[in-house]
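Undergrad: Supplied in structure tokens, the structure appears directly below.
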Amino acid sequence: MTNVAFQDIEQYRDIETKNYYNHYIGQGKSKHEVMQAIWLKSRDNARTPMQWDETEHAGFTQGQPWIQVNDNYPEINVADAESDPQSILHYYRKLIALRKQHKVLIYGAYELLLPDDPDIYAYTRTLEDEQMLVILNFRGHEPEMHWPEGWDSEHAKLIISNVSRRYSTDEGAIQLQPYEARVYRKQR
């Protein structure tokens, strides 16, 4: 589900959102400018009814929901995600299964790899003879990361990624796509 972008402040229910709106309108900001901030930050983004399917009120209720359903419910809903093997729902199911299968992801020693990198969050988890390398690109561009010490493309097995086409890894470097996430595994 995505954030709602209600056009009118009266569609929101959150008192903090309404207070924010009134404060900044009172300060002379334009309605459009204030609403743009609300579309990003309102707590009501997490409070709209669950979008189960494309029926009325997104299948959430046969009654009237306390807040309007996001207008995109015919395209973004659980029923559609269930039928799409590439959906976020299926990806998260794979992540949960991975975590259950590999205790290193729960109990392994954590080591942060690039503490000052503004784009990439990368770390390893190590438990006994198993090690995982998690690489997350939080930006909309394509940064490059060098393999950490003790890792290389020959011995690291990619076990999950959120993109279907990965860039090659040349001369010890990993080229990441925008918002890409990868998990590698190796036996020590």
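Naming works like this for the structure tokens: A, B, ... for the chains as they're shown, residue 1 at the start of each chain, ligands 1 onward in shown order.
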Could you pull out the residues in stretch 85-118 of chain A that DSSP calls alpha helix (DSSP H) from the backbone, as a list in words?
TA: Ile88, Leu89, His90, Tyr91, Tyr92, Arg93, Lys94, Leu95, Ile96, Ala97, Leu98, Arg99, Lys100, Gln101, Val104, Leu105, Ile106 and Tyr107 of chain A
Undergrad: Of the candidates A:Pro74, A:Pro85, A:Gly59, A:Pro65, which shows the shortest atom-to-atom distance to A:Arg47, using only C-alpha atoms?
TA: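 Looking only at the distances to A:Arg47, the closest residue turns out to be A:Pro65.
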Undergrad: For the structure I just gave you, how does DSSP split chain A - specifically, which residues are strand (DSSP E or B)? Reply as a PyMOL selection string.
TA: chain A and resi 109-112+120-127+130-137+144-146+157-161+173-175+181-187
Undergrad: Work out how far apart atom CA of A:Asn72 and atom CA of A:Leu89 are and give it in Å to one decimal.
TA: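 Rounded to one decimal, the two atoms are 16.9 Å apart.
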Undergrad: Show me, as a PDB file with all heavy atoms, in the first residue's frame, the residues that have an atom within 12 Å of stretch 24-38 of chain A when counting only C-alpha atoms, minus same-chain residues fewer than 6 positions from it.
TA:
```pdb
ATOM      1  N   ASN A   3       1.190   5.688   0.391  1.00  0.00           N
ATOM      2  CA  ASN A   3       0.636   6.819   1.127  1.00  0.00           C
ATOM      3  C   ASN A   3      -0.564   7.388   0.378  1.00  0.00           C
ATOM      4  O   ASN A   3      -0.573   7.424  -0.849  1.00  0.00           O
ATOM      5  CB  ASN A   3       1.678   7.923   1.279  1.00  0.00           C
ATOM      6  CG  ASN A   3       2.788   7.543   2.228  1.00  0.00           C
ATOM      7  OD1 ASN A   3       2.740   6.537   2.912  1.00  0.00           O
ATOM      8  ND2 ASN A   3       3.813   8.376   2.260  1.00  0.00           N
ATOM      9  N   VAL A   4      -1.551   7.849   1.137  1.00  0.00           N
ATOM     10  CA  VAL A   4      -2.696   8.510   0.510  1.00  0.00           C
ATOM     11  C   VAL A   4      -2.313   9.944   0.171  1.00  0.00           C
ATOM     12  O   VAL A   4      -1.381  10.506   0.746  1.00  0.00           O
ATOM     13  CB  VAL A   4      -3.944   8.504   1.423  1.00  0.00           C
ATOM     14  CG1 VAL A   4      -4.436   7.097   1.649  1.00  0.00           C
ATOM     15  CG2 VAL A   4      -3.698   9.221   2.722  1.00  0.00           C
ATOM     16  N   ALA A   5      -3.035  10.499  -0.752  1.00  0.00           N
ATOM     17  CA  ALA A   5      -2.839  11.908  -1.114  1.00  0.00           C
ATOM     18  C   ALA A   5      -4.221  12.549  -1.193  1.00  0.00           C
ATOM     19  O   ALA A   5      -4.655  12.994  -2.248  1.00  0.00           O
ATOM     20  CB  ALA A   5      -2.084  12.028  -2.424  1.00  0.00           C
ATOM     21  N   PHE A   6      -4.906  12.563  -0.055  1.00  0.00           N
ATOM     22  CA  PHE A   6      -6.211  13.208  -0.016  1.00  0.00           C
ATOM     23  C   PHE A   6      -6.039  14.675  -0.401  1.00  0.00           C
ATOM     24  O   PHE A   6      -5.086  15.330   0.011  1.00  0.00           O
ATOM     25  CB  PHE A   6      -6.832  13.118   1.375  1.00  0.00           C
ATOM     26  CG  PHE A   6      -7.161  11.714   1.821  1.00  0.00           C
ATOM     27  CD1 PHE A   6      -6.935  11.338   3.134  1.00  0.00           C
ATOM     28  CD2 PHE A   6      -7.709  10.781   0.956  1.00  0.00           C
ATOM     29  CE1 PHE A   6      -7.242  10.059   3.582  1.00  0.00           C
ATOM     30  CE2 PHE A   6      -8.028   9.496   1.381  1.00  0.00           C
ATOM     31  CZ  PHE A   6      -7.792   9.135   2.698  1.00  0.00           C
ATOM     32  N   GLN A   7      -6.975  15.187  -1.158  1.00  0.00           N
ATOM     33  CA  GLN A   7      -6.878  16.558  -1.654  1.00  0.00           C
ATOM     34  C   GLN A   7      -7.347  17.591  -0.652  1.00  0.00           C
ATOM     35  O   GLN A   7      -6.987  18.753  -0.745  1.00  0.00           O
ATOM     36  CB  GLN A   7      -7.658  16.694  -2.959  1.00  0.00           C
ATOM     37  CG  GLN A   7      -7.111  15.825  -4.074  1.00  0.00           C
ATOM     38  CD  GLN A   7      -5.652  16.115  -4.375  1.00  0.00           C
ATOM     39  OE1 GLN A   7      -5.271  17.249  -4.659  1.00  0.00           O
ATOM     40  NE2 GLN A   7      -4.810  15.094  -4.317  1.00  0.00           N
ATOM     41  N   ASP A   8      -8.142  17.182   0.317  1.00  0.00           N
ATOM     42  CA  ASP A   8      -8.712  18.116   1.269  1.00  0.00           C
ATOM     43  C   ASP A   8      -8.361  17.695   2.693  1.00  0.00           C
ATOM     44  O   ASP A   8      -8.443  16.513   3.020  1.00  0.00           O
ATOM     45  CB  ASP A   8     -10.233  18.160   1.097  1.00  0.00           C
ATOM     46  CG  ASP A   8     -10.860  19.323   1.820  1.00  0.00           C
ATOM     47  OD1 ASP A   8     -10.939  19.247   3.070  1.00  0.00           O
ATOM     48  OD2 ASP A   8     -11.260  20.285   1.155  1.00  0.00           O
ATOM     49  N   ILE A   9      -8.014  18.623   3.538  1.00  0.00           N
ATOM     50  CA  ILE A   9      -7.634  18.324   4.922  1.00  0.00           C
ATOM     51  C   ILE A   9      -8.782  17.658   5.673  1.00  0.00           C
ATOM     52  O   ILE A   9      -8.547  16.876   6.600  1.00  0.00           O
ATOM     53  CB  ILE A   9      -7.115  19.589   5.654  1.00  0.00           C
ATOM     54  CG1 ILE A   9      -6.444  19.215   6.978  1.00  0.00           C
ATOM     55  CG2 ILE A   9      -8.241  20.580   5.861  1.00  0.00           C
ATOM     56  CD1 ILE A   9      -5.219  18.351   6.840  1.00  0.00           C
ATOM     57  N   GLU A  10     -10.013  17.907   5.271  1.00  0.00           N
ATOM     58  CA  GLU A  10     -11.170  17.309   5.944  1.00  0.00           C
ATOM     59  C   GLU A  10     -11.233  15.796   5.751  1.00  0.00           C
ATOM     60  O   GLU A  10     -11.904  15.098   6.507  1.00  0.00           O
ATOM     61  CB  GLU A  10     -12.472  17.967   5.463  1.00  0.00           C
ATOM     62  CG  GLU A  10     -12.577  19.442   5.806  1.00  0.00           C
ATOM     63  CD  GLU A  10     -12.371  19.729   7.291  1.00  0.00           C
ATOM     64  OE1 GLU A  10     -12.923  18.996   8.133  1.00  0.00           O
ATOM     65  OE2 GLU A  10     -11.630  20.690   7.604  1.00  0.00           O
ATOM     66  N   GLN A  11     -10.524  15.272   4.771  1.00  0.00           N
ATOM     67  CA  GLN A  11     -10.501  13.826   4.552  1.00  0.00           C
ATOM     68  C   GLN A  11      -9.585  13.116   5.555  1.00  0.00           C
ATOM     69  O   GLN A  11      -9.667  11.913   5.709  1.00  0.00           O
ATOM     70  CB  GLN A  11     -10.041  13.524   3.124  1.00  0.00           C
ATOM     71  CG  GLN A  11     -11.035  13.982   2.077  1.00  0.00           C
ATOM     72  CD  GLN A  11     -10.476  13.815   0.688  1.00  0.00           C
ATOM     73  OE1 GLN A  11      -9.704  14.648   0.213  1.00  0.00           O
ATOM     74  NE2 GLN A  11     -10.854  12.724   0.039  1.00  0.00           N
ATOM     75  N   TYR A  12      -8.714  13.870   6.199  1.00  0.00           N
ATOM     76  CA  TYR A  12      -7.813  13.289   7.189  1.00  0.00           C
ATOM     77  C   TYR A  12      -8.506  13.224   8.538  1.00  0.00           C
ATOM     78  O   TYR A  12      -9.359  14.051   8.864  1.00  0.00           O
ATOM     79  CB  TYR A  12      -6.521  14.115   7.284  1.00  0.00           C
ATOM     80  CG  TYR A  12      -5.628  13.907   6.078  1.00  0.00           C
ATOM     81  CD1 TYR A  12      -5.772  14.711   4.954  1.00  0.00           C
ATOM     82  CD2 TYR A  12      -4.679  12.899   6.066  1.00  0.00           C
ATOM     83  CE1 TYR A  12      -4.980  14.508   3.834  1.00  0.00           C
ATOM     84  CE2 TYR A  12      -3.882  12.696   4.949  1.00  0.00           C
ATOM     85  CZ  TYR A  12      -4.044  13.505   3.841  1.00  0.00           C
ATOM     86  OH  TYR A  12      -3.256  13.285   2.730  1.00  0.00           O
ATOM     87  N   ASP A  14      -6.425  12.310  11.493  1.00  0.00           N
ATOM     88  CA  ASP A  14      -5.367  12.473  12.489  1.00  0.00           C
ATOM     89  C   ASP A  14      -5.300  13.917  12.985  1.00  0.00           C
ATOM     90  O   ASP A  14      -5.104  14.849  12.195  1.00  0.00           O
ATOM     91  CB  ASP A  14      -4.025  12.059  11.882  1.00  0.00           C
ATOM     92  CG  ASP A  14      -2.858  12.258  12.824  1.00  0.00           C
ATOM     93  OD1 ASP A  14      -3.015  11.992  14.029  1.00  0.00           O
ATOM     94  OD2 ASP A  14      -1.785  12.688  12.351  1.00  0.00           O
ATOM     95  N   GLU A  16      -3.000  15.403  14.724  1.00  0.00           N
ATOM     96  CA  GLU A  16      -1.677  16.007  14.504  1.00  0.00           C
ATOM     97  C   GLU A  16      -1.559  16.540  13.079  1.00  0.00           C
ATOM     98  O   GLU A  16      -1.005  17.620  12.856  1.00  0.00           O
ATOM     99  CB  GLU A  16      -0.580  14.975  14.775  1.00  0.00           C
ATOM    100  CG  GLU A  16       0.816  15.541  14.661  1.00  0.00           C
ATOM    101  CD  GLU A  16       1.880  14.520  15.008  1.00  0.00           C
ATOM    102  OE1 GLU A  16       1.935  14.099  16.171  1.00  0.00           O
ATOM    103  OE2 GLU A  16       2.638  14.149  14.097  1.00  0.00           O
ATOM    104  N   THR A  17      -2.088  15.807  12.120  1.00  0.00           N
ATOM    105  CA  THR A  17      -2.077  16.256  10.724  1.00  0.00           C
ATOM    106  C   THR A  17      -2.894  17.528  10.568  1.00  0.00           C
ATOM    107  O   THR A  17      -2.465  18.487   9.921  1.00  0.00           O
ATOM    108  CB  THR A  17      -2.611  15.146   9.799  1.00  0.00           C
ATOM    109  OG1 THR A  17      -1.755  14.009   9.899  1.00  0.00           O
ATOM    110  CG2 THR A  17      -2.679  15.603   8.351  1.00  0.00           C
ATOM    111  N   LYS A  18      -4.064  17.557  11.184  1.00  0.00           N
ATOM    112  CA  LYS A  18      -4.925  18.743  11.093  1.00  0.00           C
ATOM    113  C   LYS A  18      -4.257  19.947  11.773  1.00  0.00           C
ATOM    114  O   LYS A  18      -4.309  21.069  11.251  1.00  0.00           O
ATOM    115  CB  LYS A  18      -6.291  18.454  11.700  1.00  0.00           C
ATOM    116  CG  LYS A  18      -7.099  17.482  10.846  1.00  0.00           C
ATOM    117  CD  LYS A  18      -8.440  17.181  11.494  1.00  0.00           C
ATOM    118  CE  LYS A  18      -9.237  16.249  10.631  1.00  0.00           C
ATOM    119  NZ  LYS A  18     -10.424  16.853  10.054  1.00  0.00           N
ATOM    120  N   ASP A  44      -1.938   9.192   9.111  1.00  0.00           N
ATOM    121  CA  ASP A  44      -3.067   8.535   8.443  1.00  0.00           C
ATOM    122  C   ASP A  44      -2.618   7.682   7.258  1.00  0.00           C
ATOM    123  O   ASP A  44      -3.376   6.821   6.797  1.00  0.00           O
ATOM    124  CB  ASP A  44      -4.112   9.560   7.993  1.00  0.00           C
ATOM    125  CG  ASP A  44      -5.035   9.979   9.125  1.00  0.00           C
ATOM    126  OD1 ASP A  44      -5.035   9.303  10.180  1.00  0.00           O
ATOM    127  OD2 ASP A  44      -5.762  10.981   8.965  1.00  0.00           O
ATOM    128  N   ASN A  45      -1.396   7.881   6.768  1.00  0.00           N
ATOM    129  CA  ASN A  45      -0.883   7.005   5.710  1.00  0.00           C
ATOM    130  C   ASN A  45      -0.868   5.552   6.163  1.00  0.00           C
ATOM    131  O   ASN A  45      -1.029   4.639   5.359  1.00  0.00           O
ATOM    132  CB  ASN A  45       0.525   7.430   5.297  1.00  0.00           C
ATOM    133  CG  ASN A  45       0.518   8.713   4.508  1.00  0.00           C
ATOM    134  OD1 ASN A  45      -0.366   8.955   3.708  1.00  0.00           O
ATOM    135  ND2 ASN A  45       1.516   9.546   4.740  1.00  0.00           N
TER     136      ASN A  45
END
```
Undergrad: At what distance in Å, to one decimal, does atom CA of A:Arg188 lie from atom CA of A:Ser153?
TA: 14.5 Å
Undergrad: Measuring between only C-alpha atoms, which one of A:Glu142, A:Ile160, A:Glu130, A:Glu56 shows the shortest distance to A:Ile96?
TA: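 Among A:Glu142, A:Ile160, A:Glu130, A:Glu56, it is A:Ile160 that comes nearest to A:Ile96.
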Undergrad: Compile the contact shell of A:Ala58 as a list in words: residues with an atom at most 12 Å away, counting only C-alpha atoms, same-chain residues fewer than 3 positions apart removed.
TA: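 What passes the distance filter is Met1, Thr48, Pro49, Met50, Gln51, Trp52, Asp53, Glu54, Thr55, Thr61, Gln62, Gly63, Gln64, Pro65, Gln68, Val69, Asn70, Asp71, Asn72, Tyr73, Pro74, Glu75, Ile76, Asn77, Val78, Ala79 and Asp80 of chain A.
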Undergrad: I'd like the neighbourhood of A:Ser161 as an MDAnalysis selection string, where a residue qualifies if any of its atoms comes within 8 Å (using only C-alpha atoms), though same-chain residues fewer than 4 positions away should be ignored.
TA: chainID A and resid 180:183
Undergrad: Could you turn the residues from that selection into a file that holds N, CA, C and O atoms, as a compact mmCIF listing (two decimals), in the first residue's frame?
TA:
```
# COMPACT_ATOMS: atom_id res chain seq x y z
N GLU A 180 18.14 -1.49 -4.72
CA GLU A 180 18.36 -2.94 -4.75
C GLU A 180 18.75 -3.47 -3.38
O GLU A 180 19.44 -2.80 -2.61
N ALA A 181 18.30 -4.69 -3.09
CA ALA A 181 18.67 -5.40 -1.88
C ALA A 181 19.19 -6.78 -2.28
O ALA A 181 18.58 -7.45 -3.10
N ARG A 182 20.30 -7.18 -1.69
CA ARG A 182 20.88 -8.51 -1.96
C ARG A 182 21.32 -9.15 -0.65
O ARG A 182 21.77 -8.47 0.27
N VAL A 183 21.22 -10.47 -0.62
CA VAL A 183 21.77 -11.24 0.50
C VAL A 183 22.60 -12.36 -0.10
O VAL A 183 22.13 -13.13 -0.95
```
Undergrad: Would you mind telling me which residue in A:Ala81, A:Ile15, A:Ala156, A:Met145 lies nearest to A:Leu114 when using only C-alpha atoms?
TA: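 Nearest to A:Leu114: A:Met145.
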Undergrad: Under the rule that only C-alpha atoms are counted, which of A:Gly108, A:Thr2, A:Pro143, A:Trp66 is the nearest residue to A:Lys41?
TA: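 Result for the nearest residue to A:Lys41: A:Thr2.
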Undergrad: Using only C-alpha atoms, pick whichever of A:Tyr20, A:Phe60, A:Tyr123, A:Tyr110 has the shortest atom-to-atom distance to A:Trp147.
TA: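 Ranked by minimum distance to A:Trp147, first place goes to A:Tyr123.
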Undergrad: Have a look at A:Trp39, A:Asp129, A:His146, A:Ile159 and name the one nearest to A:Ala97; count only C-alpha atoms.
TA: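 Nearest candidate to A:Ala97 out of A:Trp39, A:Asp129, A:His146, A:Ile159: A:Ile159.
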Undergrad: Could you state the separation of atom CA of A:Thr126 and atom CA of A:Tyr107 in Å, given to one decimal place?
TA: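 Straight-line distance from atom CA of A:Thr126 to atom CA of A:Tyr107 works out to 8.3 Å.
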Undergrad: Could you name the residues that touch A:Leu127 at 12 Å or less, counting only C-alpha atoms, but leaving out those on the same chain fewer than 3 positions away, as a PyMOL selection string?
TA: chain A and resi 102-111+124+130-132+185-188
